[in-house]
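The file final_16.txt contains compact mmCIF, C-alpha atoms:
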```
# COMPACT_ATOMS: atom_id res chain seq x y z
CA MET A 1 0.77 -8.88 29.38
CA ASN A 2 3.95 -9.94 27.65
CA ASP A 3 6.78 -8.55 25.54
CA HIS A 4 5.18 -9.17 22.18
CA PRO A 5 4.57 -6.23 19.85
CA ILE A 6 1.33 -4.29 20.18
CA GLN A 7 -1.77 -6.25 19.24
CA SER A 8 -3.67 -3.58 17.31
CA LEU A 9 -0.52 -2.76 15.31
CA ASN A 10 -0.11 -6.46 14.50
CA GLU A 11 -3.73 -6.69 13.42
CA LEU A 12 -3.41 -3.70 11.08
CA GLN A 13 -0.26 -5.12 9.50
CA THR A 14 -2.01 -8.46 8.99
CA GLN A 15 -4.94 -6.76 7.24
CA LEU A 16 -2.68 -4.55 5.11
CA GLN A 17 -0.69 -7.55 3.90
CA LYS A 18 -3.81 -8.96 2.26
CA LEU A 19 -3.69 -6.07 -0.22
CA PRO A 20 -1.92 -6.55 -3.57
CA GLY A 21 1.68 -5.36 -3.67
CA ILE A 22 1.92 -4.91 0.11
CA GLY A 23 4.38 -7.21 1.87
CA PRO A 24 5.48 -7.30 5.53
CA ARG A 25 7.91 -4.38 5.16
CA SER A 26 5.50 -2.01 3.42
CA ALA A 27 2.70 -3.02 5.81
CA GLU A 28 4.95 -2.00 8.70
CA ARG A 29 5.88 1.25 6.97
CA VAL A 30 2.23 2.11 6.29
CA ALA A 31 1.20 1.19 9.86
CA PHE A 32 3.86 3.40 11.46
CA HIS A 33 3.01 6.19 9.05
CA LEU A 34 -0.63 5.97 10.18
CA LEU A 35 0.48 6.08 13.81
CA ARG A 36 2.22 9.40 13.18
CA GLU A 37 -0.59 10.81 11.04
CA SER A 38 -3.59 12.64 12.47
CA ARG A 39 -6.66 10.74 13.57
CA ASP A 40 -8.59 12.81 11.01
CA TYR A 41 -6.63 11.32 8.15
CA ALA A 42 -7.05 7.80 9.53
CA ALA A 43 -10.79 8.38 9.77
CA GLN A 44 -10.91 9.70 6.20
CA LEU A 45 -9.01 6.67 4.89
CA ALA A 46 -11.18 4.22 6.85
CA GLY A 47 -14.30 6.03 5.67
CA ALA A 48 -13.17 5.98 2.05
CA ILE A 49 -12.59 2.22 2.25
CA LEU A 50 -16.10 1.60 3.54
CA ALA A 51 -17.65 4.13 1.14
CA ILE A 52 -16.60 2.23 -1.98
CA LYS A 53 -18.20 -0.92 -0.58
CA ASP A 54 -21.39 0.90 0.41
CA ARG A 55 -21.82 3.24 -2.55
CA ILE A 56 -20.45 1.53 -5.61
CA ILE A 57 -22.78 -0.78 -7.52
CA HIS A 58 -22.86 -2.22 -11.02
CA CYS A 59 -24.86 -0.37 -13.66
CA ARG A 60 -27.72 -2.72 -14.57
CA THR A 61 -27.35 -1.81 -18.23
CA CYS A 62 -23.60 -2.05 -18.92
CA TYR A 63 -22.27 -3.50 -15.61
CA ASN A 64 -19.79 -0.64 -15.23
CA LEU A 65 -19.05 0.41 -11.64
CA THR A 66 -21.16 3.38 -10.62
CA GLU A 67 -22.78 5.19 -7.72
CA VAL A 68 -25.98 5.78 -9.72
CA ASP A 69 -27.98 3.32 -11.83
CA PRO A 70 -27.99 3.67 -14.81
CA CYS A 71 -24.39 4.92 -14.86
CA SER A 72 -23.43 8.34 -16.18
CA ILE A 73 -22.36 6.87 -19.53
CA CYS A 74 -25.54 4.85 -20.15
CA SER A 75 -27.71 7.81 -19.15
CA ASN A 76 -25.83 10.26 -21.37
CA ALA A 77 -28.07 10.99 -24.36
CA SER A 78 -25.23 12.65 -26.29
CA ARG A 79 -23.33 9.38 -26.58
CA ASP A 80 -23.86 6.97 -29.46
CA HIS A 81 -25.96 4.13 -28.02
CA GLY A 82 -25.76 2.26 -31.32
CA GLU A 83 -22.08 1.46 -30.74
CA ILE A 84 -21.19 -0.88 -27.86
CA TRP A 85 -17.58 -1.40 -26.76
CA VAL A 86 -17.36 -4.77 -24.98
CA VAL A 87 -14.60 -5.05 -22.35
CA GLU A 88 -13.63 -7.64 -19.76
CA GLN A 89 -13.28 -5.45 -16.66
CA PRO A 90 -14.30 -1.98 -15.39
CA LYS A 91 -10.59 -1.07 -15.47
CA ASP A 92 -10.50 -1.70 -19.22
CA LEU A 93 -13.45 0.66 -19.62
CA LEU A 94 -11.56 3.37 -17.71
CA ALA A 95 -8.51 2.90 -19.94
CA LEU A 96 -10.59 3.26 -23.13
CA GLU A 97 -12.59 6.17 -21.70
CA ALA A 98 -9.38 8.00 -20.75
CA THR A 99 -8.43 8.22 -24.45
CA GLY A 100 -11.42 10.50 -25.04
CA LEU A 101 -11.88 8.72 -28.39
CA ILE A 102 -14.95 6.61 -27.56
CA HIS A 103 -18.28 8.17 -28.45
CA GLY A 104 -20.28 4.98 -28.00
CA VAL A 105 -21.26 3.13 -24.82
CA TYR A 106 -19.78 0.09 -23.08
CA HIS A 107 -20.61 -3.39 -21.90
CA VAL A 108 -18.53 -4.97 -19.14
CA LEU A 109 -18.44 -8.79 -19.34
CA MET A 110 -17.04 -9.11 -15.78
CA GLY A 111 -14.32 -11.50 -16.87
CA HIS A 112 -13.48 -13.84 -19.70
CA ILE A 113 -14.28 -17.47 -20.46
CA ALA A 114 -11.68 -19.61 -18.67
CA PRO A 115 -12.75 -23.23 -18.33
CA LEU A 116 -9.69 -24.16 -16.26
CA GLU A 117 -10.68 -21.55 -13.67
CA GLY A 118 -14.29 -22.69 -13.82
CA VAL A 119 -15.53 -19.56 -15.61
CA GLY A 120 -18.04 -20.42 -18.32
CA PRO A 121 -20.10 -18.17 -20.62
CA GLY A 122 -22.94 -18.26 -18.07
CA ASP A 123 -20.75 -16.52 -15.48
CA LEU A 124 -20.35 -13.47 -17.72
CA THR A 125 -22.88 -10.78 -18.65
CA ILE A 126 -23.26 -12.17 -22.17
CA ASP A 127 -27.06 -12.62 -22.00
CA ALA A 128 -27.47 -8.98 -20.99
CA LEU A 129 -25.30 -7.94 -23.95
CA LEU A 130 -27.44 -9.96 -26.38
CA ASP A 131 -30.60 -8.41 -24.89
CA ARG A 132 -29.15 -4.93 -25.44
CA VAL A 133 -28.21 -5.72 -29.03
CA ARG A 134 -31.72 -6.99 -29.66
CA ALA A 135 -33.56 -4.12 -27.96
CA ASP A 136 -31.45 -1.02 -28.54
CA ASN A 137 -31.02 -0.71 -32.30
CA VAL A 138 -27.30 -1.40 -32.05
CA ARG A 139 -25.29 -0.96 -35.28
CA GLU A 140 -21.84 -2.07 -34.15
CA VAL A 141 -20.33 -4.18 -31.37
CA ILE A 142 -16.57 -3.74 -30.87
CA LEU A 143 -15.01 -6.66 -28.97
CA ALA A 144 -12.30 -4.80 -27.04
CA LEU A 145 -11.17 -7.82 -25.06
CA ASN A 146 -7.57 -8.40 -24.05
CA PRO A 147 -5.39 -9.83 -26.84
CA THR A 148 -4.74 -12.99 -24.79
CA ILE A 149 -5.78 -16.61 -25.25
CA GLU A 150 -8.78 -16.16 -22.91
CA GLY A 151 -9.74 -12.78 -24.40
CA ASP A 152 -9.53 -14.10 -27.96
CA GLY A 153 -11.52 -17.22 -27.02
CA THR A 154 -14.25 -15.14 -25.44
CA ALA A 155 -14.30 -12.82 -28.47
CA LEU A 156 -14.75 -15.81 -30.80
CA HIS A 157 -17.63 -17.08 -28.69
CA LEU A 158 -19.31 -13.65 -28.78
CA GLN A 159 -18.69 -13.37 -32.51
CA SER A 160 -20.53 -16.64 -33.14
CA LEU A 161 -23.49 -15.51 -31.00
CA LEU A 162 -23.66 -12.10 -32.69
CA ALA A 163 -23.31 -13.53 -36.22
CA GLU A 164 -27.04 -14.33 -36.23
CA ARG A 165 -27.96 -10.69 -35.57
CA ASP A 166 -28.02 -7.74 -37.89
CA VAL A 167 -25.02 -6.05 -36.30
CA ARG A 168 -21.48 -5.28 -37.37
CA VAL A 169 -18.88 -7.00 -35.15
CA SER A 170 -15.32 -5.62 -35.05
CA ARG A 171 -12.30 -5.49 -32.80
CA PRO A 172 -9.55 -2.91 -32.11
CA ALA A 173 -6.59 -3.01 -34.50
CA ARG A 174 -3.59 -5.14 -33.62
CA GLY A 175 -0.02 -4.65 -34.71
CA LEU A 176 3.17 -3.07 -33.52
CA ALA A 177 2.72 -1.23 -30.23
CA VAL A 178 3.69 2.41 -30.73
CA GLY A 179 7.10 3.01 -29.14
CA THR A 180 8.38 -0.56 -29.49
CA GLN A 181 11.25 -1.49 -31.79
CA LEU A 182 10.97 -4.19 -34.44
CA GLU A 183 13.94 -6.12 -33.09
CA TYR A 184 12.25 -6.49 -29.71
CA ALA A 185 8.72 -7.23 -30.96
CA THR A 186 7.32 -10.69 -30.23
CA VAL A 187 6.45 -13.07 -33.06
CA SER A 188 2.72 -12.66 -32.45
CA MET A 189 3.04 -8.86 -32.46
CA LEU A 190 4.92 -9.05 -35.77
CA GLU A 191 2.43 -11.56 -37.16
CA SER A 192 -0.53 -9.26 -36.50
CA ALA A 193 1.40 -6.32 -37.94
CA ILE A 194 2.27 -8.20 -41.13
CA ARG A 195 -1.16 -9.72 -41.73
CA GLY A 196 -2.88 -6.42 -41.00
CA ARG A 197 -0.63 -4.20 -43.12
CA ALA A 198 -2.40 -1.16 -44.50
CA PRO A 199 -1.67 1.45 -47.20
CA MET A 200 0.11 4.60 -45.93
CA MET B 1 -24.04 13.64 -13.69
CA ASN B 2 -21.07 13.43 -16.04
CA ASP B 3 -18.65 10.92 -17.51
CA HIS B 4 -15.96 11.29 -14.89
CA PRO B 5 -14.87 8.24 -12.92
CA ILE B 6 -16.72 7.33 -9.74
CA GLN B 7 -16.35 9.84 -6.93
CA SER B 8 -15.95 7.44 -3.99
CA LEU B 9 -13.34 5.47 -5.95
CA ASN B 10 -11.46 8.71 -6.68
CA GLU B 11 -11.63 9.70 -3.02
CA LEU B 12 -10.20 6.35 -1.87
CA GLN B 13 -7.36 6.56 -4.39
CA THR B 14 -6.57 10.11 -3.21
CA GLN B 15 -6.41 8.96 0.42
CA LEU B 16 -4.34 5.88 -0.41
CA GLN B 17 -1.78 7.95 -2.30
CA LYS B 18 -0.94 9.82 0.90
CA LEU B 19 0.55 6.60 2.28
CA PRO B 20 4.29 5.96 1.89
CA GLY B 21 5.27 3.86 -1.14
CA ILE B 22 1.80 4.07 -2.73
CA GLY B 23 1.64 5.91 -6.05
CA PRO B 24 -1.29 6.36 -8.45
CA ARG B 25 -0.94 2.88 -9.97
CA SER B 26 -0.79 0.97 -6.69
CA ALA B 27 -3.61 3.11 -5.26
CA GLU B 28 -5.76 2.06 -8.23
CA ARG B 29 -4.75 -1.58 -7.81
CA VAL B 30 -5.58 -1.53 -4.08
CA ALA B 31 -8.90 0.27 -4.68
CA PHE B 32 -10.06 -2.25 -7.31
CA HIS B 33 -8.90 -5.09 -5.10
CA LEU B 34 -11.07 -3.72 -2.27
CA LEU B 35 -14.02 -3.46 -4.67
CA ARG B 36 -13.75 -7.18 -5.38
CA GLU B 37 -13.12 -8.12 -1.75
CA SER B 38 -15.90 -8.81 0.75
CA ARG B 39 -17.40 -5.98 2.76
CA ASP B 40 -16.27 -7.88 5.87
CA TYR B 41 -12.65 -7.54 4.91
CA ALA B 42 -13.08 -3.82 4.12
CA ALA B 43 -14.69 -3.32 7.53
CA GLN B 44 -11.85 -5.21 9.24
CA LEU B 45 -9.24 -3.09 7.47
CA ALA B 46 -11.06 0.17 8.23
CA GLY B 47 -11.51 -0.92 11.87
CA ALA B 48 -7.84 -1.85 12.20
CA ILE B 49 -6.82 1.60 10.91
CA LEU B 50 -8.98 3.36 13.49
CA ALA B 51 -8.00 0.94 16.27
CA ILE B 52 -4.32 1.88 16.18
CA LYS B 53 -5.24 5.55 16.52
CA ASP B 54 -7.65 4.87 19.37
CA ARG B 55 -5.78 2.23 21.32
CA ILE B 56 -2.08 2.93 20.96
CA ILE B 57 -0.50 5.39 23.38
CA HIS B 58 3.03 6.12 24.53
CA CYS B 59 4.27 4.44 27.70
CA ARG B 60 4.76 7.27 30.23
CA THR B 61 7.96 5.64 31.45
CA CYS B 62 9.89 4.75 28.28
CA TYR B 63 7.70 6.37 25.54
CA ASN B 64 7.44 3.08 23.66
CA LEU B 65 4.16 2.53 21.79
CA THR B 66 1.75 0.46 23.86
CA GLU B 67 -1.90 -0.31 24.54
CA VAL B 68 -1.30 -0.39 28.32
CA ASP B 69 0.62 2.08 30.50
CA PRO B 70 3.21 1.23 31.70
CA CYS B 71 4.12 -0.91 28.68
CA SER B 72 4.74 -4.64 28.93
CA ILE B 73 8.50 -4.14 28.97
CA CYS B 74 8.53 -1.50 31.72
CA SER B 75 6.14 -3.54 33.86
CA ASN B 76 8.12 -6.76 33.43
CA ALA B 77 9.89 -7.40 36.74
CA SER B 78 12.14 -10.07 35.21
CA ARG B 79 13.91 -7.51 33.00
CA ASP B 80 16.98 -5.61 34.16
CA HIS B 81 15.73 -2.11 35.02
CA GLY B 82 19.29 -0.99 35.78
CA GLU B 83 20.18 -1.10 32.07
CA ILE B 84 18.48 1.41 29.73
CA TRP B 85 18.82 1.15 25.94
CA VAL B 86 18.16 4.59 24.46
CA VAL B 87 16.76 4.61 20.91
CA GLU B 88 15.42 7.28 18.58
CA GLN B 89 12.15 5.67 17.46
CA PRO B 90 9.75 2.86 18.49
CA LYS B 91 10.82 1.01 15.33
CA ASP B 92 14.42 0.92 16.57
CA LEU B 93 13.17 -0.60 19.82
CA LEU B 94 11.35 -3.34 17.85
CA ALA B 95 14.51 -4.08 15.87
CA LEU B 96 16.60 -4.45 19.03
CA GLU B 97 13.89 -6.43 20.83
CA ALA B 98 13.60 -8.83 17.88
CA THR B 99 17.20 -9.96 18.46
CA GLY B 100 16.15 -11.44 21.82
CA LEU B 101 19.49 -10.23 23.21
CA ILE B 102 18.29 -7.27 25.30
CA HIS B 103 17.61 -8.03 28.95
CA GLY B 104 17.36 -4.40 30.01
CA VAL B 105 14.63 -1.83 29.36
CA TYR B 106 14.36 0.98 26.80
CA HIS B 107 13.93 4.71 26.48
CA VAL B 108 12.55 6.15 23.25
CA LEU B 109 13.77 9.70 22.57
CA MET B 110 11.10 10.28 19.89
CA GLY B 111 13.61 11.63 17.40
CA HIS B 112 17.07 13.13 17.34
CA ILE B 113 18.44 16.65 17.70
CA ALA B 114 18.23 18.30 14.27
CA PRO B 115 18.55 22.10 14.47
CA LEU B 116 17.91 22.55 10.75
CA GLU B 117 14.55 20.77 11.11
CA GLY B 118 13.78 22.79 14.25
CA VAL B 119 14.17 19.81 16.59
CA GLY B 120 16.02 20.81 19.77
CA PRO B 121 16.84 18.79 22.91
CA GLY B 122 13.61 20.08 24.50
CA ASP B 123 11.54 18.32 21.83
CA LEU B 124 12.89 14.92 22.85
CA THR B 125 12.19 12.87 25.96
CA ILE B 126 15.62 13.67 27.43
CA ASP B 127 14.33 15.10 30.72
CA ALA B 128 12.32 11.95 31.35
CA LEU B 129 15.44 9.87 30.70
CA LEU B 130 17.46 11.91 33.21
CA ASP B 131 14.66 11.54 35.77
CA ARG B 132 14.71 7.75 35.30
CA VAL B 133 18.48 7.62 35.68
CA ARG B 134 18.23 9.64 38.88
CA ALA B 135 15.34 7.71 40.39
CA ASP B 136 15.73 4.12 39.26
CA ASN B 137 19.20 3.03 40.37
CA VAL B 138 20.40 2.73 36.76
CA ARG B 139 23.86 1.22 36.27
CA GLU B 140 24.28 1.57 32.51
CA VAL B 141 22.81 3.66 29.71
CA ILE B 142 23.49 2.36 26.20
CA LEU B 143 23.04 5.06 23.54
CA ALA B 144 21.70 2.93 20.67
CA LEU B 145 21.08 5.86 18.33
CA ASN B 146 21.52 5.63 14.60
CA PRO B 147 25.14 5.92 13.42
CA THR B 148 24.35 9.12 11.51
CA ILE B 149 25.37 12.76 11.99
CA GLU B 150 22.15 13.53 13.87
CA GLY B 151 22.27 10.33 15.91
CA ASP B 152 25.91 10.87 16.87
CA GLY B 153 25.22 14.51 17.75
CA THR B 154 22.33 13.53 19.98
CA ALA B 155 24.44 10.81 21.60
CA LEU B 156 27.21 13.35 22.38
CA HIS B 157 24.67 15.67 23.95
CA LEU B 158 23.29 12.84 26.12
CA GLN B 159 26.80 11.75 27.02
CA SER B 160 27.63 15.23 28.36
CA LEU B 161 24.41 15.32 30.42
CA LEU B 162 24.99 11.83 31.83
CA ALA B 163 28.68 12.45 32.60
CA GLU B 164 27.66 14.18 35.83
CA ARG B 165 25.82 11.10 37.09
CA ASP B 166 27.12 7.89 38.54
CA VAL B 167 26.20 5.78 35.52
CA ARG B 168 28.14 3.92 32.85
CA VAL B 169 27.45 5.28 29.34
CA SER B 170 28.18 3.06 26.31
CA ARG B 171 27.10 2.56 22.74
CA PRO B 172 26.71 -0.48 20.44
CA ALA B 173 29.88 -1.58 18.65
CA ARG B 174 30.64 -0.18 15.21
CA GLY B 175 32.68 -1.75 12.47
CA LEU B 176 32.24 -3.83 9.37
CA ALA B 177 28.65 -4.87 8.87
CA VAL B 178 28.47 -8.66 8.80
CA GLY B 179 27.98 -9.80 5.21
CA THR B 180 29.65 -6.82 3.56
CA GLN B 181 32.93 -7.07 1.66
CA LEU B 182 35.96 -4.92 2.45
CA GLU B 183 36.21 -3.63 -1.10
CA TYR B 184 32.68 -2.22 -0.93
CA ALA B 185 32.84 -0.83 2.63
CA THR B 186 32.67 2.96 3.03
CA VAL B 187 35.57 4.92 4.50
CA SER B 188 33.64 5.60 7.72
CA MET B 189 32.75 1.91 8.08
CA LEU B 190 36.44 0.98 7.60
CA GLU B 191 37.55 3.75 9.96
CA SER B 192 35.35 2.46 12.78
CA ALA B 193 36.52 -1.09 12.08
CA ILE B 194 40.18 -0.11 12.18
CA ARG B 195 40.00 2.08 15.27
CA GLY B 196 37.90 -0.44 17.14
CA ARG B 197 39.97 -3.52 16.24
CA ALA B 198 39.83 -6.19 18.95
CA PRO B 199 41.84 -9.34 19.77
CA MET B 200 40.49 -12.53 18.22
```

Represent the supplied structure as C-alpha cells.
Amino acid sequence: MNDHPIQSLNELQTQLQKLPGIGPRSAERVAFHLLRESRDYAAQLAGAILAIKDRIIHCRTCYNLTEVDPCSICSNASRDHGEIWVVEQPKDLLALEATGLIHGVYHVLMGHIAPLEGVGPGDLTIDALLDRVRADNVREVILALNPTIEGDGTALHLQSLLAERDVRVSRPARGLAVGTQLEYATVSMLESAIRGRAPM
Amino acid sequence: MNDHPIQSLNELQTQLQKLPGIGPRSAERVAFHLLRESRDYAAQLAGAILAIKDRIIHCRTCYNLTEVDPCSICSNASRDHGEIWVVEQPKDLLALEATGLIHGVYHVLMGHIAPLEGVGPGDLTIDALLDRVRADNVREVILALNPTIEGDGTALHLQSLLAERDVRVSRPARGLAVGTQLEYATVSMLESAIRGRAPM
C-alpha cells in the first residue's frame, strides 16, 4: 500500500495510450469518463471491442472484412461480378462503396508493395485476384490504389500481370481535386490534370 | 444480408463515439486499429475497462478513488491527518498530489454547489467533512476548490460551516499564474495579484 495512483486506473490508461491518436491526457480523460459512466456502458464497450476480434473475418473471395463468408457484396447476385475494383485496404473499399457509384465487386490487396518495409508481391492477395480474373469471366479490373509511389508501383506490377489476360485494365481518373484552387495545387496534381485534359 | 458495413464494426464505432474527444473519424481509426491488433491486446483493453468499474471504489473517509478502503493516503500514518485539503474531484487530488508538496490528507467533495444544475450542499460530501473535523483533531482545512464562481460559492458555504469550529480555514494563494504575461492576464487574475501583493 502506497501513495501511488490506483493500479487498475493506471493499467487502463496504459492500454488506451496504445490506440492511435490517444495520448496521456486523452487516456486520462477517457478513463475518468468511464469511471463516471454506468457499468452497463463499460460492459457494452468492452464487449464491442472483443466482438470485432471474434466475429470479423476476411471474405475468402475479395478479402473484405465481413461477419459472413462470402461477404454481402460477393454474394450479391445483383452486382456486376465482371467488374473488379482493386483497393489496398478495407477502408478504401468503404470509401468507394459510400459513393453509391460502384456496381461491380471488389478485391482487397491487404497492402501495397513496399520493399523497404519488407512487403513483396507475395504478401498481398495478388494470386487470389489472378485466380478470380481467370475463373469468373471478368471484363474489367479497375486499379483503385492510392495515388502514391507505393500505390502506383503496385498498380504497375498488377498491370503487367494482367496484360497477358483478356481483360480491360483501368484506373480512376486523376486531376484537380474538386474544391481545390489552381494556385494551391501541387505540381503532380497539375501534371495529371494537364495530361488528362478532356473535351467539355 | 445487404451491402451495409459490418454490424460489429458499426457497434464498436457507436460505443467509442460516446467517449469524450472521440468523433466519427477517430472512432473509425481506433476500430480499424483494433482489427489489426492482436486479440490479446483487445482482451487486455476490454479487461482494463471492466476492471476499473469492478475494482475502484470511493474511500469512505475522504471519498478519493481507491481499490482499498481506507485509501492509501488515509491509511498512511506518516501523513499529517490534522491538515485536510478539500477538493472538488478526484482529478484535483491527483494534481495536488503530483506536486509532492502536500503532507496532509484530502477530502473530495464530489462536485461543487450548482443550484442551476440541481446540485445542492446535500449532494456533496460536506457532512462527512464536518464529521472528520469534529472527530479527528483537525488543525487546518484548506479549501482547494477551483477558482470559479461555483468553486468560490462552495468555499464560502464551507467557510461559514467551519467558522463555528476550532479550526483554521485557508485557501491556496491566487495571483498571476507563473508563465503568463501581465498584458495577457485577465482582470480577475490581476485583481487577485494586486490585492494579495506580498513583500519580496

Q.
Only residues of chain B matter here; which ones have an atom within 7 Å of chain A, counting all atoms listed in the file? Give them as number ranges by chain.
A. B: 1-3, 6, 8-9, 11-12, 15, 19-20, 30, 35, 39, 42-43, 45-46, 48-53, 66-67, 72-73

Q | Test item: which residues lie within 12 Å of (-12.0, -14.3, -22.5) counting only C-alpha atoms, as a PyMOL selection string | A | chain A and resi 86-89+108-117+119-121+123-124+126+143-158

Q. Separation of atom CA of Arg79 of chain B and atom CA of Glu164 of chain B, in Å?
A. 25.8 Å

Q: Write out as a VMD selection string the residues lying within 9 Å of Asp80 of chain B, counting only C-alpha atoms and excluding same-chain residues fewer than 3 positions away.
A: chain B and resid 76 to 77 83 to 84 103 to 105

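Using only C-alpha atoms, the protein and nucleic acid residues lying no more than 12 Å from segment 179-183 of chain B, apart from those fewer than 6 places from it along its own chain, are Met189, Leu190, Glu191, Ala193 and Ile194 of chain B.
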
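Our summary of the geometry notes that atom CA of Leu176 of chain A is positioned 9.7 Å from atom CA of Ser188 of chain A.
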
Per-axis box centre and lengths in Å around segment 72-83 of chain B, 4 Å margin per side, axis-aligned, as JSON:
```
{"center_x": 12.5, "center_y": -5.5, "center_z": 32.8, "size_x": 23.4, "size_y": 17.1, "size_z": 15.8}
```

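Minimum distance to Arg165 of chain A across A:Ala185, A:Ala128, A:Arg139, A:Val178 (counting only C-alpha atoms) occurs at A:Arg139.
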
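Rounded to one decimal, atom CA of Val167 of chain B and atom CA of Arg197 of chain B lie 25.5 Å from each other.
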